[in-house]
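Reviewing the structure listed below.
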Amino acid sequence: MTKHSKQPIDWKAILSPHSLAYTIVGVALAAIALEAFMLPNSFLDGGVTGIAILINLGFGIELNLLLVLLNLPFLFMAWRMIGRTFAIQSGMSIFLLTIVLHFLEVPTVTEDKVLIAVFGGFLMGTGIGLIIRGGGLIDGFEVITEYFHKNSALTASEITVFLNSLIMLSAAFVFGIEPAMYSILTYFTAIKTTDYVVEGFEEYTALTIISKEHELVKELIVKDFKKAISVYKGERGYLPDTFHIHHPVDIIMTVVTRLEVHRLKLAIQEIDPKAFFYVQTIKEVKGGVIKKVGKKHV
């Protein structure tokens, strides 16, 4: 037994109104994406759902049964590796999806394959994102991806791409190249939408600036944009034609939201058109002064 599997079940988190609302709405959107867009046109999603659709369309086995059976091993892994609360929330989401799929009857919205791929992927991604925000999953591949990420040199993204590439190749072999290509479009739309739903449009970004006008840049960021900064002592210069020329400089780093990056870059360029800066995406921030909510800092 791992330390995660020994943790008590947090029923308060599982049954919280926010968690249940996210899960119910997310499952409903995922079910509509499957019934109204993807299944009638042999389009696949990634992960366990994609495998279940592939087997369902190829062999006629009940999709709901496949979703439960194929996800059971991953739920067991989640119970042992991630935690009981997460495993129960994921199991509830999968079970609820099978119930909704069993009773839901939605007519096909359009016959345009591009629209089906885009809007089907959008609804599926939104549904998955909401379920993740509710604390669970409807696809066990995320569990195995995390497991191999911790026990191999590959990143989670590389593992996900590899596993889903096998699914799409299988789709091409069974249904032909065109449905497989539309499935890739559907999957890409879904994962990008999921990212936006989970991380939000205010995904945090680290902006690093090197400028000869570093004092003015620091004043701009702190006083005009109300952002905290970190300053590193460094040197600028060392250009190929003037390698021997260099000057001390304050290297400025600040954390902003995705929506603020463009405005801040334009403002810095007005101070110093030759300023050098680079942007890095941040998955999580904690502590410090990041933004204002009302009169409180968070």
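Every chain in the structure tokens takes a letter, A first, then B, and so on in the order presented; its residues are numbered from 1, and the ligands are numbered from 1 following the presented order.
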
Exercise. Show which residues sit within 12 Å of Leu65 of chain A, as a list of chain:residue names. Count only C-alpha atoms, and ignore same-chain residues fewer than 5 positions away.
Key: A:Thr49, A:Ala52, A:Ile53, A:Ile55, A:Asn56, A:Gly60, A:Leu70, A:Asn71, A:Leu72, A:Ile94, A:Phe95, A:Leu97, A:Thr98, A:Ile99, A:Leu101, A:His102

Quiz item: Please, which residues of segment 23-108 of chain A, numbered as in this document, come out helix (DSSP H, G or I) from DSSP, as a PyMOL selection string?
Solution: chain A and resi 23-41+47-59+63-81+84-103

Exercise. Return the single residue from A:Leu44, A:Ile131, A:Ile88, A:Ala31 that is closest to Glu105 of chain A, with distances computed using only C-alpha atoms.
Key: A:Ala31

Quiz item: Can you tell me, as a PyMOL selection string, what residues are no more than 6 Å from Asn164 of chain A when counting only C-alpha atoms, ignoring any on the same chain fewer than 3 positions away?
Solution: chain A and resi 46+161+167

Self-check item: Test item: residues at most 10 Å from Leu20 of chain A, only C-alpha atoms, excluding those fewer than 2 positions along its chain, as a list in words
Solution: Ala13, Ile14, Leu15, Ser16, Pro17, His18, Tyr22, Thr23, Ile24, Val25, Gly26, Gln89, Met92, Ser93, Ile131, Gly134 and Gly135 of chain A

Practice problem: Write out as number ranges by chain which residues come within 10 Å of Phe225 of chain A when counting only C-alpha atoms, dropping same-chain ones fewer than 4 positions away. | Solution: A: 219-221, 256, 260, 263-264, 267

Exercise. Per DSSP on the backbone, filter segment 124-241 of chain A down to the residues in strand (DSSP E or B) and report them as an MDAnalysis selection string.
Key: chainID A and resid 204:210 229:239

Quiz item: With only C-alpha atoms as the basis for distance, which of A:Leu216, A:Met38, A:Ala228, A:Val198 is at the shortest distance from Glu111 of chain A?
Solution: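 Nearest candidate to Glu111 of chain A out of A:Leu216, A:Met38, A:Ala228, A:Val198: A:Met38.
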
Quiz prompt | Spatial neighbours of Met181 of chain A, 10 Å, only C-alpha atoms, chain gap at least 3 places, as a PyMOL selection string | solution = chain A and resi 43-44+117+168-169+171-172+176-178+184-187
